>>> print(open('structure17.csv').read())   # CSV, C-alpha atoms
chain,number,residue,atom,x,y,z
G,183,MET,CA,110.2,160.6,160.7
G,184,LYS,CA,112.8,162.2,158.4
G,185,GLN,CA,114.3,164.1,161.3
G,186,PHE,CA,114.5,160.9,163.4
G,187,ILE,CA,116.3,159.1,160.5
G,188,ILE,CA,118.7,162.0,159.9
G,189,ASN,CA,119.5,162.1,163.7
G,190,ARG,CA,120.2,158.4,163.8
G,191,ILE,CA,122.5,158.6,160.7
G,192,LEU,CA,124.4,161.5,162.1
G,193,SER,CA,124.9,159.8,165.5
G,194,GLY,CA,126.0,156.7,163.6
G,195,ILE,CA,128.6,158.7,161.7
G,196,LEU,CA,130.0,160.1,164.9
G,197,VAL,CA,130.3,156.6,166.3
G,198,ILE,CA,132.0,155.4,163.2
G,199,PHE,CA,134.4,158.3,163.4
G,200,GLY,CA,135.3,157.3,167.0
G,201,ILE,CA,135.8,153.7,165.8
G,202,SER,CA,138.1,154.9,163.0
G,203,ILE,CA,140.2,156.8,165.5
G,204,PHE,CA,140.4,153.7,167.8
G,205,SER,CA,141.4,151.4,164.9
G,206,PHE,CA,144.0,153.8,163.7
G,207,LEU,CA,145.5,154.2,167.2
G,208,LEU,CA,145.7,150.4,167.7
G,209,ILE,CA,149.2,150.3,166.2
G,210,HIS,CA,150.3,153.2,168.5
G,211,PHE,CA,148.9,151.5,171.7
G,212,ILE,CA,151.6,148.8,171.5
G,213,PRO,CA,154.4,149.3,174.1
G,214,GLY,CA,157.7,149.8,172.3
G,215,ASP,CA,158.3,150.1,168.6
G,216,PRO,CA,155.5,148.4,166.7
G,217,VAL,CA,157.6,148.0,163.6
G,218,LYS,CA,160.3,146.0,165.5
G,219,ILE,CA,157.5,143.9,167.0
G,220,MET,CA,156.2,143.1,163.6
G,221,LEU,CA,159.5,142.2,162.1
G,222,GLY,CA,161.0,140.5,165.2
G,223,ILE,CA,164.2,140.9,167.1
G,224,ASN,CA,166.4,139.8,164.1
G,225,ALA,CA,165.3,142.7,161.8
G,226,SER,CA,168.0,144.9,160.5
G,227,PRO,CA,167.8,148.7,160.8
G,228,GLU,CA,167.2,149.0,157.1
G,229,GLN,CA,164.2,146.7,157.3
G,230,VAL,CA,162.8,148.7,160.2
G,231,GLN,CA,163.3,152.0,158.4
G,232,LYS,CA,161.7,150.6,155.2
G,233,LEU,CA,158.6,149.3,157.0
G,234,THR,CA,158.3,152.4,159.1
G,235,HIS,CA,158.2,154.5,155.9
G,236,HIS,CA,155.8,152.1,154.2
G,237,LEU,CA,153.3,152.3,157.0
G,238,GLY,CA,153.8,156.1,157.3
G,239,LEU,CA,154.8,155.9,160.9
G,240,ASP,CA,157.6,158.5,160.3
G,241,LYS,CA,155.0,161.2,159.7
G,242,PRO,CA,153.1,163.4,162.3
G,243,LEU,CA,150.1,161.6,164.0
G,244,LEU,CA,147.5,163.8,162.4
G,245,VAL,CA,149.0,163.4,159.0
G,246,GLN,CA,149.0,159.6,159.5
G,247,TYR,CA,145.3,159.6,160.5
G,248,GLY,CA,144.4,161.8,157.5
G,249,GLN,CA,146.2,159.5,155.1
G,250,TYR,CA,144.7,156.5,156.8
G,251,MET,CA,141.2,157.8,156.3
G,252,MET,CA,141.8,158.9,152.7
G,253,ASN,CA,142.9,155.4,151.9
G,254,VAL,CA,139.9,153.9,153.7
G,255,PHE,CA,137.5,156.1,151.7
G,256,GLN,CA,139.1,154.7,148.6
G,257,GLY,CA,138.7,151.2,149.8
G,258,ASP,CA,142.3,150.8,150.7
G,259,PHE,CA,142.6,149.2,154.2
G,260,GLY,CA,146.3,148.5,153.7
G,261,THR,CA,148.2,145.3,152.8
G,262,SER,CA,148.5,142.2,154.9
G,263,LEU,CA,152.1,141.8,156.2
G,264,LYS,CA,151.6,138.0,156.2
G,265,THR,CA,150.0,137.3,152.9
G,266,GLY,CA,150.8,140.4,150.9
G,267,ARG,CA,147.1,140.7,149.8
G,268,PRO,CA,145.0,143.8,150.3
G,269,VAL,CA,143.3,143.8,153.7
G,270,LEU,CA,139.9,144.5,152.3
G,271,ILE,CA,140.1,141.4,150.0
G,272,GLU,CA,141.1,139.3,153.0
G,273,ILE,CA,138.1,140.6,155.0
G,274,LEU,CA,135.6,140.2,152.1
G,275,ASP,CA,136.8,136.6,151.6
G,276,ARG,CA,136.0,135.7,155.2
G,277,PHE,CA,133.0,137.9,155.9
G,278,PRO,CA,130.4,135.7,154.0
G,279,GLU,CA,131.3,132.8,156.3
G,280,THR,CA,130.8,134.9,159.4
G,281,VAL,CA,127.4,136.1,158.0
G,282,LYS,CA,126.4,132.5,157.4
G,283,LEU,CA,127.3,131.5,160.9
G,284,ALA,CA,125.6,134.5,162.5
G,285,VAL,CA,122.4,134.3,160.5
G,286,PHE,CA,122.0,130.5,161.2
G,287,GLY,CA,122.7,131.1,164.9
G,288,LEU,CA,120.2,133.9,165.0
G,289,PHE,CA,117.6,131.7,163.3
G,290,ILE,CA,118.1,129.1,166.1
G,291,ALA,CA,118.0,131.8,168.7
G,292,VAL,CA,114.7,133.2,167.4
G,293,VAL,CA,113.1,129.7,167.2
G,294,ILE,CA,114.2,128.7,170.7
G,295,GLY,CA,113.6,132.1,172.3
G,296,ILE,CA,110.1,132.8,170.9
G,297,SER,CA,108.9,129.2,171.5
G,298,LEU,CA,110.1,129.1,175.1
G,299,GLY,CA,108.8,132.6,175.7
G,300,ILE,CA,105.3,131.8,174.5
G,301,LEU,CA,105.3,128.5,176.4
G,302,ALA,CA,106.4,130.2,179.7
G,303,ALA,CA,103.8,133.0,179.3
G,304,ARG,CA,101.0,130.5,178.5
G,305,PHE,CA,101.7,128.6,181.7
G,306,LYS,CA,102.8,131.5,183.9
G,307,ASP,CA,103.9,130.7,187.4
G,308,SER,CA,103.8,126.9,186.7
G,309,TRP,CA,106.7,124.5,186.7
G,310,ILE,CA,107.0,125.0,182.9
G,311,ASP,CA,107.5,128.7,183.4
G,312,LYS,CA,110.0,128.1,186.2
G,313,LEU,CA,111.9,125.6,184.0
G,314,CYS,CA,112.1,128.0,181.1
G,315,THR,CA,113.3,130.7,183.4
G,316,VAL,CA,116.1,128.4,184.7
G,317,LEU,CA,117.1,127.5,181.2
G,318,ALA,CA,117.3,131.2,180.3
G,319,THR,CA,119.4,131.9,183.3
G,320,LEU,CA,121.7,129.0,182.4
G,321,GLY,CA,122.0,130.3,178.9
G,322,VAL,CA,123.2,133.7,180.2
G,323,SER,CA,125.5,132.2,182.8
G,324,ILE,CA,127.3,129.5,180.7
G,325,PRO,CA,130.3,130.7,178.8
G,326,SER,CA,129.9,130.2,175.1
G,327,PHE,CA,133.4,128.6,174.7
G,328,TRP,CA,132.5,126.0,177.4
G,329,LEU,CA,129.2,125.2,175.7
G,330,ALA,CA,131.1,124.8,172.4
G,331,ILE,CA,133.6,122.4,173.9
G,332,LEU,CA,130.8,120.5,175.6
G,333,LEU,CA,128.9,120.1,172.3
G,334,VAL,CA,132.1,119.0,170.5
G,335,MET,CA,132.8,116.4,173.2
G,336,ILE,CA,129.3,115.0,173.1
G,337,PHE,CA,128.2,115.2,169.4
G,338,SER,CA,131.6,115.0,167.7
G,339,VAL,CA,133.9,113.0,169.8
G,340,GLN,CA,131.5,110.6,171.6
G,341,LEU,CA,128.5,110.3,169.2
G,342,LYS,CA,130.4,111.2,166.0
G,343,LEU,CA,127.4,112.9,164.5
G,344,PHE,CA,129.1,116.0,163.4
G,345,PRO,CA,132.6,116.8,162.2
G,346,ILE,CA,134.9,118.5,164.7
G,347,ALA,CA,136.3,121.4,162.6
G,348,ASN,CA,138.0,122.5,159.4
G,349,GLY,CA,134.8,122.5,157.2
G,350,THR,CA,132.3,125.0,155.8
G,351,GLY,CA,129.5,122.7,154.9
G,352,PHE,CA,126.0,122.5,156.5
G,353,ARG,CA,127.0,119.7,159.0
G,354,ASP,CA,130.1,121.8,160.0
G,355,LEU,CA,127.8,124.8,160.6
G,356,ILE,CA,125.3,123.1,163.0
G,357,LEU,CA,127.3,122.9,166.2
G,358,PRO,CA,128.8,126.5,166.1
G,359,ALA,CA,125.4,127.9,165.1
G,360,VAL,CA,123.7,126.0,167.9
G,361,THR,CA,126.2,127.4,170.4
G,362,LEU,CA,125.6,130.9,169.3
G,363,GLY,CA,121.8,130.4,169.1
G,364,VAL,CA,121.5,128.9,172.6
G,365,VAL,CA,123.3,131.8,174.1
G,366,ALA,CA,121.5,134.5,172.1
G,367,SER,CA,118.1,132.9,172.6
G,368,THR,CA,118.0,133.9,176.3
G,369,MET,CA,117.3,137.6,175.7
G,370,VAL,CA,114.7,136.8,173.1
G,371,MET,CA,113.0,134.3,175.4
G,372,ARG,CA,112.9,136.7,178.3
G,373,LEU,CA,111.5,139.6,176.3
G,374,THR,CA,108.9,137.4,174.6
G,375,ARG,CA,107.8,135.9,177.9
G,376,ASN,CA,107.5,139.2,179.7
G,377,GLY,CA,105.7,140.9,176.8
G,378,MET,CA,103.3,137.9,176.4
G,379,VAL,CA,102.5,137.9,180.1
G,380,GLU,CA,101.6,141.7,179.9
G,381,VAL,CA,99.5,141.3,176.8
G,382,LEU,CA,97.7,138.3,177.9
G,383,ALA,CA,96.5,140.2,181.0
G,384,ASN,CA,94.7,142.8,178.8
G,385,ASP,CA,90.9,143.1,178.5
G,386,TYR,CA,90.7,142.3,174.8
G,387,ILE,CA,92.4,139.0,175.4
G,388,ARG,CA,89.8,138.1,178.1
G,389,THR,CA,87.1,139.2,175.7
G,390,ALA,CA,88.5,136.9,173.0
G,391,ARG,CA,88.6,134.0,175.4
G,392,ALA,CA,85.0,134.8,176.5
G,393,LYS,CA,83.9,134.6,172.8
G,394,GLY,CA,85.3,131.0,172.7
G,395,LEU,CA,88.4,131.6,170.5
G,396,GLU,CA,91.0,128.9,170.7
G,397,ASP,CA,94.2,129.4,172.7
G,398,GLY,CA,96.4,129.0,169.7
G,399,LEU,CA,94.5,131.7,167.8
G,400,ILE,CA,94.7,134.1,170.8
G,401,LEU,CA,98.4,133.5,171.4
G,402,PHE,CA,99.6,133.8,167.8
G,403,ARG,CA,97.2,136.2,166.2
G,404,HIS,CA,96.3,138.6,169.0
G,405,ALA,CA,99.1,138.4,171.6
G,406,LEU,CA,102.3,137.6,169.7
G,407,ARG,CA,101.7,140.3,167.1
G,408,ASN,CA,101.7,143.0,169.8
G,409,VAL,CA,104.9,141.6,171.3
G,410,LEU,CA,106.9,141.3,168.1
G,411,ILE,CA,107.8,145.0,167.9
G,412,PRO,CA,110.4,145.0,170.7
G,413,VAL,CA,111.4,141.5,169.8
G,414,VAL,CA,112.2,142.5,166.3
G,415,THR,CA,114.5,145.2,167.7
G,416,VAL,CA,116.3,142.7,170.0
G,417,ILE,CA,116.7,140.3,167.1
G,418,GLY,CA,118.4,143.0,165.0
G,419,LEU,CA,120.7,143.9,167.8
G,420,GLN,CA,121.5,140.2,168.4
G,421,LEU,CA,122.4,139.9,164.7
G,422,ALA,CA,124.8,142.8,165.0
G,423,ALA,CA,126.3,141.3,168.2
G,424,LEU,CA,126.7,137.9,166.5
G,425,LEU,CA,128.4,139.3,163.5
G,426,GLY,CA,130.9,141.1,165.7
G,427,GLY,CA,131.2,138.5,168.5
G,428,THR,CA,131.9,135.1,167.0
G,429,VAL,CA,135.7,135.2,167.5
G,430,ILE,CA,135.8,132.6,170.3
G,431,ILE,CA,133.3,130.2,168.6
G,432,GLU,CA,135.0,130.5,165.2
G,433,GLN,CA,138.3,129.7,166.9
G,434,VAL,CA,136.9,126.6,168.8
G,435,PHE,CA,135.4,125.2,165.6
G,436,ASN,CA,138.1,126.6,163.3
G,437,TRP,CA,135.5,128.3,161.3
G,438,PRO,CA,137.1,130.4,158.5
G,439,GLY,CA,135.4,133.7,159.3
G,440,LEU,CA,136.5,137.2,160.4
G,441,GLY,CA,137.0,136.0,164.0
G,442,THR,CA,139.8,133.5,163.0
G,443,LEU,CA,141.2,136.1,160.6
G,444,ALA,CA,141.5,138.7,163.4
G,445,LEU,CA,142.9,136.2,165.9
G,446,GLY,CA,145.4,134.9,163.4
G,447,ALA,CA,146.5,138.5,162.7
G,448,ILE,CA,147.0,139.1,166.4
G,449,MET,CA,149.1,136.0,166.7
G,450,SER,CA,151.3,136.9,163.7
G,451,ARG,CA,151.4,140.6,164.5
G,452,ASP,CA,149.7,141.5,161.2
G,453,PHE,CA,148.5,145.0,162.4
G,454,PRO,CA,146.9,146.1,159.1
G,455,ILE,CA,144.6,143.1,159.3
G,456,ILE,CA,143.8,143.9,162.9
G,457,GLN,CA,143.0,147.6,162.1
G,458,GLY,CA,140.9,146.6,159.1
G,459,THR,CA,138.8,144.0,160.9
G,460,VAL,CA,138.1,146.3,163.8
G,461,LEU,CA,137.0,149.2,161.5
G,462,PHE,CA,135.0,147.0,159.2
G,463,MET,CA,133.1,145.2,162.0
G,464,GLY,CA,132.5,148.5,163.8
G,465,VAL,CA,130.9,149.9,160.6
G,466,VAL,CA,128.8,146.8,160.1
G,467,TYR,CA,127.6,146.9,163.8
G,468,VAL,CA,126.7,150.6,163.7
G,469,THR,CA,125.0,150.2,160.3
G,470,ILE,CA,122.8,147.4,161.5
G,471,ASN,CA,121.9,149.3,164.7
G,472,ILE,CA,120.8,152.3,162.6
G,473,PHE,CA,118.8,150.1,160.3
G,474,VAL,CA,117.0,148.5,163.3
G,475,ASP,CA,116.2,151.8,164.8
G,476,VAL,CA,114.8,153.1,161.5
G,477,LEU,CA,112.8,149.9,161.0
G,478,TYR,CA,111.5,150.2,164.5
G,479,SER,CA,110.3,153.8,163.9
G,480,PHE,CA,108.4,152.6,160.8
G,481,ILE,CA,106.8,149.7,162.7
G,482,ASP,CA,106.0,151.8,165.8
G,483,PRO,CA,105.6,155.6,165.0
G,484,ARG,CA,105.5,156.2,168.8
G,485,VAL,CA,109.3,156.1,168.7
G,486,GLU,CA,109.3,159.3,166.7
G,487,MET,CA,106.7,160.9,168.9
G,488,GLY,CA,108.8,160.0,172.0
G,489,THR,CA,111.8,161.6,170.3
G,490,LYS,CA,109.9,164.8,169.7
G,491,GLU,CA,108.5,165.0,173.2
G,492,ALA,CA,112.0,164.5,174.6
>>> encode(input="structure17.csv", output="structure tokens")
Amino acid sequence: MKQFIINRILSGILVIFGISIFSFLLIHFIPGDPVKIMLGINASPEQVQKLTHHLGLDKPLLVQYGQYMMNVFQGDFGTSLKTGRPVLIEILDRFPETVKLAVFGLFIAVVIGISLGILAARFKDSWIDKLCTVLATLGVSIPSFWLAILLVMIFSVQLKLFPIANGTGFRDLILPAVTLGVVASTMVMRLTRNGMVEVLANDYIRTARAKGLEDGLILFRHALRNVLIPVVTVIGLQLAALLGGTVIIEQVFNWPGLGTLALGAIMSRDFPIIQGTVLFMGVVYVTINIFVDVLYSFIDPRVEMGTKEA
């Protein structure tokens, strides 16, 4: 178990190292002089030279990367060119709102996904199963931004049940969270349905039914418990994906999270913010994945056995 955890942490560190290189090189991927792009065409040579020196772009590339990583380890992600505030402070101000949106969206995804998965498995091959499968397919196929706009048109513009944007309260949270939850629920639903179908075909389930146990008891106490191990893994991965992939939804609903921060930085050419958000969200994504893998190994020790056999 210890070796498995150590291997996962080491592989995660390698991935974070790759993300740090990518985030550092973002400013160098831009065609032309990035400093002139930041300052605009009316910038004087003195302004260009001053910002170039401030960003360290007049030094060799390896020296720039070394200085960049030393600053990151000290919690210094740079300074926003737009607001003049430290990048890390800007990120930490917005991150709780992204977490709130992602967690609420995940809760909706779990409720919808597990419920439909159990229902589809219980009535396997019936019209209910086919309907749930169609809904899951639609959830995968429909673009999240289209669903978001549709929900706004129906529930905000027409029915006036929810505010359109510019809020952080519970009512403002519902529509963006539902959008994320509906899209994310499809994978949970499919995995739950397939796992339940497989488990319900086992001999011990038939024995439980022969003993006269109620269907609800069989489904939730005997079947669902055996299906939850892979579902927990998917839920953890979905949380990581939601934390890092809410940019479009945050923009549609003008939710003040990391997505709108990053998109605003792109529009204003605030490259320290762009670099900081990419690195920060990359570290968060990798950390959650490591945590899920370690948790999975505790829940199901066969993961460690499979690693050893491989």
>>> closest_atom_pairs(input="structure17.csv", of="segment 243-352 of chain G", to="segment 460-463 of chain G", cutoff="10 Å", atoms="all atoms listed in the file", output="Markdown table")
| residue | atom | partner | partner_atom | distance |
| --- | --- | --- | --- | --- |
| G:Val254 | CA | G:Leu461 | CA | 9.6 |
| G:Phe259 | CA | G:Leu461 | CA | 9.2 |
| G:Leu270 | CA | G:Phe462 | CA | 8.8 |
| G:Ile273 | CA | G:Phe462 | CA | 8.3 |
| G:Leu274 | CA | G:Phe462 | CA | 9.8 |
| G:Phe277 | CA | G:Met463 | CA | 9.5 |
>>> closest_residue(input="structure17.csv", among="G:Trp309, G:Leu362, G:Gly351, G:Pro278", to="Leu329 of chain G", atoms="all atoms listed in the file")
G:Leu362
>>> closest_residue(input="structure17.csv", among="G:Leu410, G:Ala359, G:Met449, G:Leu477", to="Ile219 of chain G", atoms="all atoms listed in the file")
G:Met449
>>> atom_distance(input="structure17.csv", atom1="atom CA of Gly377 of chain G", atom2="atom CA of Ala302 of chain G")
11.1 Å
>>> atom_distance(input="structure17.csv", atom1="atom CA of Ile203 of chain G", atom2="atom CA of Val269 of chain G")
17.8 Å
>>> atom_distance(input="structure17.csv", atom1="atom CA of Thr374 of chain G", atom2="atom CA of Ser308 of chain G")
16.8 Å
>>> closest_residue(input="structure17.csv", among="G:Ala225, G:Leu237, G:Leu343, G:Leu192", to="Pro454 of chain G", atoms="all atoms listed in the file")
G:Leu237
>>> closest_residue(input="structure17.csv", among="G:Arg276, G:Ile400, G:Leu421, G:Met378", to="Thr442 of chain G", atoms="all atoms listed in the file")
G:Arg276
>>> residues_around(input="structure17.csv", residues="Val281 of chain G", least_positions_apart="2", cutoff="10 Å", atoms="all atoms listed in the file", output="ChimeraX atom specification")
/G:276-279,283-287,421,424-426,439-440
>>> closest_residue(input="structure17.csv", among="G:Val334, G:Leu357, G:Leu313, G:Ile191", to="Val474 of chain G", atoms="only C-alpha atoms")
G:Ile191
>>> residues_around(input="structure17.csv", residues="Trp328 of chain G", least_positions_apart="5", cutoff="10 Å", atoms="all atoms listed in the file", output="PDB file with C-alpha atoms, in the coordinates of the input")
ATOM      1  CA  LEU G 333     128.900 120.100 172.300  1.00  0.00           C
ATOM      2  CA  VAL G 334     132.100 119.000 170.500  1.00  0.00           C
ATOM      3  CA  THR G 361     126.200 127.400 170.400  1.00  0.00           C
ATOM      4  CA  ILE G 431     133.300 130.200 168.600  1.00  0.00           C
ATOM      5  CA  VAL G 434     136.900 126.600 168.800  1.00  0.00           C
TER       6      VAL G 434
END
>>> decode(input="structure17.csv", residues="segment 417-436 of chain G", atoms="N, CA, C and O atoms", output="mmCIF file, in the first residue's frame")
data_model
loop_
_atom_site.group_PDB
_atom_site.id
_atom_site.type_symbol
_atom_site.label_atom_id
_atom_site.label_comp_id
_atom_site.auth_asym_id
_atom_site.auth_seq_id
_atom_site.Cartn_x
_atom_site.Cartn_y
_atom_site.Cartn_z
ATOM 1 N N ILE G 417 -16.811 9.846 -9.377
ATOM 2 C CA ILE G 417 -17.264 11.078 -8.723
ATOM 3 C C ILE G 417 -16.070 11.978 -8.398
ATOM 4 O O ILE G 417 -16.107 13.194 -8.607
ATOM 5 N N GLY G 418 -14.990 11.380 -7.891
ATOM 6 C CA GLY G 418 -13.808 12.167 -7.595
ATOM 7 C C GLY G 418 -13.207 12.794 -8.843
ATOM 8 O O GLY G 418 -12.810 13.970 -8.838
ATOM 9 N N LEU G 419 -13.147 12.028 -9.922
ATOM 10 C CA LEU G 419 -12.617 12.562 -11.173
ATOM 11 C C LEU G 419 -13.532 13.643 -11.746
ATOM 12 O O LEU G 419 -13.054 14.619 -12.337
ATOM 13 N N GLN G 420 -14.833 13.467 -11.582
ATOM 14 C CA GLN G 420 -15.773 14.485 -12.044
ATOM 15 C C GLN G 420 -15.594 15.783 -11.265
ATOM 16 O O GLN G 420 -15.704 16.881 -11.841
ATOM 17 N N LEU G 421 -15.319 15.676 -9.960
ATOM 18 C CA LEU G 421 -15.089 16.880 -9.162
ATOM 19 C C LEU G 421 -13.865 17.628 -9.687
ATOM 20 O O LEU G 421 -13.893 18.860 -9.835
ATOM 21 N N ALA G 422 -12.794 16.884 -9.963
ATOM 22 C CA ALA G 422 -11.591 17.519 -10.507
ATOM 23 C C ALA G 422 -11.886 18.176 -11.845
ATOM 24 O O ALA G 422 -11.433 19.299 -12.121
ATOM 25 N N ALA G 423 -12.664 17.484 -12.693
ATOM 26 C CA ALA G 423 -13.006 18.047 -14.004
ATOM 27 C C ALA G 423 -13.872 19.290 -13.874
ATOM 28 O O ALA G 423 -13.693 20.269 -14.608
ATOM 29 N N LEU G 424 -14.816 19.274 -12.922
ATOM 30 C CA LEU G 424 -15.688 20.428 -12.730
ATOM 31 C C LEU G 424 -14.913 21.628 -12.192
ATOM 32 O O LEU G 424 -15.159 22.770 -12.590
ATOM 33 N N LEU G 425 -13.964 21.383 -11.297
ATOM 34 C CA LEU G 425 -13.164 22.487 -10.761
ATOM 35 C C LEU G 425 -12.338 23.158 -11.857
ATOM 36 O O LEU G 425 -12.122 24.366 -11.839
ATOM 37 N N GLY G 426 -11.889 22.348 -12.814
ATOM 38 C CA GLY G 426 -11.046 22.908 -13.858
ATOM 39 C C GLY G 426 -11.755 23.253 -15.142
ATOM 40 O O GLY G 426 -11.155 23.845 -16.045
ATOM 41 N N GLY G 427 -13.035 22.897 -15.250
ATOM 42 C CA GLY G 427 -13.714 23.070 -16.523
ATOM 43 C C GLY G 427 -14.992 23.869 -16.481
ATOM 44 O O GLY G 427 -15.919 23.614 -17.257
ATOM 45 N N THR G 428 -15.075 24.837 -15.573
ATOM 46 C CA THR G 428 -16.301 25.623 -15.442
ATOM 47 C C THR G 428 -16.189 26.982 -16.140
ATOM 48 O O THR G 428 -17.000 27.865 -15.888
ATOM 49 N N VAL G 429 -15.187 27.140 -17.009
ATOM 50 C CA VAL G 429 -14.934 28.444 -17.615
ATOM 51 C C VAL G 429 -16.142 28.939 -18.402
ATOM 52 O O VAL G 429 -16.608 30.069 -18.221
ATOM 53 N N ILE G 430 -16.672 28.082 -19.275
ATOM 54 C CA ILE G 430 -17.782 28.494 -20.141
ATOM 55 C C ILE G 430 -19.028 28.800 -19.314
ATOM 56 O O ILE G 430 -19.704 29.812 -19.528
ATOM 57 N N ILE G 431 -19.331 27.923 -18.366
ATOM 58 C CA ILE G 431 -20.531 28.109 -17.548
ATOM 59 C C ILE G 431 -20.410 29.364 -16.693
ATOM 60 O O ILE G 431 -21.372 30.137 -16.557
ATOM 61 N N GLU G 432 -19.242 29.580 -16.117
ATOM 62 C CA GLU G 432 -19.049 30.797 -15.324
ATOM 63 C C GLU G 432 -19.221 32.045 -16.182
ATOM 64 O O GLU G 432 -19.760 33.056 -15.725
ATOM 65 N N GLN G 433 -18.770 31.968 -17.425
ATOM 66 C CA GLN G 433 -18.896 33.129 -18.304
ATOM 67 C C GLN G 433 -20.353 33.373 -18.680
ATOM 68 O O GLN G 433 -20.813 34.517 -18.707
ATOM 69 N N VAL G 434 -21.102 32.302 -18.977
ATOM 70 C CA VAL G 434 -22.511 32.453 -19.355
ATOM 71 C C VAL G 434 -23.307 33.087 -18.224
ATOM 72 O O VAL G 434 -24.128 33.984 -18.448
ATOM 73 N N PHE G 435 -23.060 32.633 -16.999
ATOM 74 C CA PHE G 435 -23.822 33.135 -15.850
ATOM 75 C C PHE G 435 -23.087 34.253 -15.100
ATOM 76 O O PHE G 435 -23.558 34.691 -14.049
ATOM 77 N N ASN G 436 -21.951 34.682 -15.649
ATOM 78 C CA ASN G 436 -21.140 35.727 -15.023
ATOM 79 C C ASN G 436 -20.848 35.397 -13.565
ATOM 80 O O ASN G 436 -20.934 36.249 -12.678
#
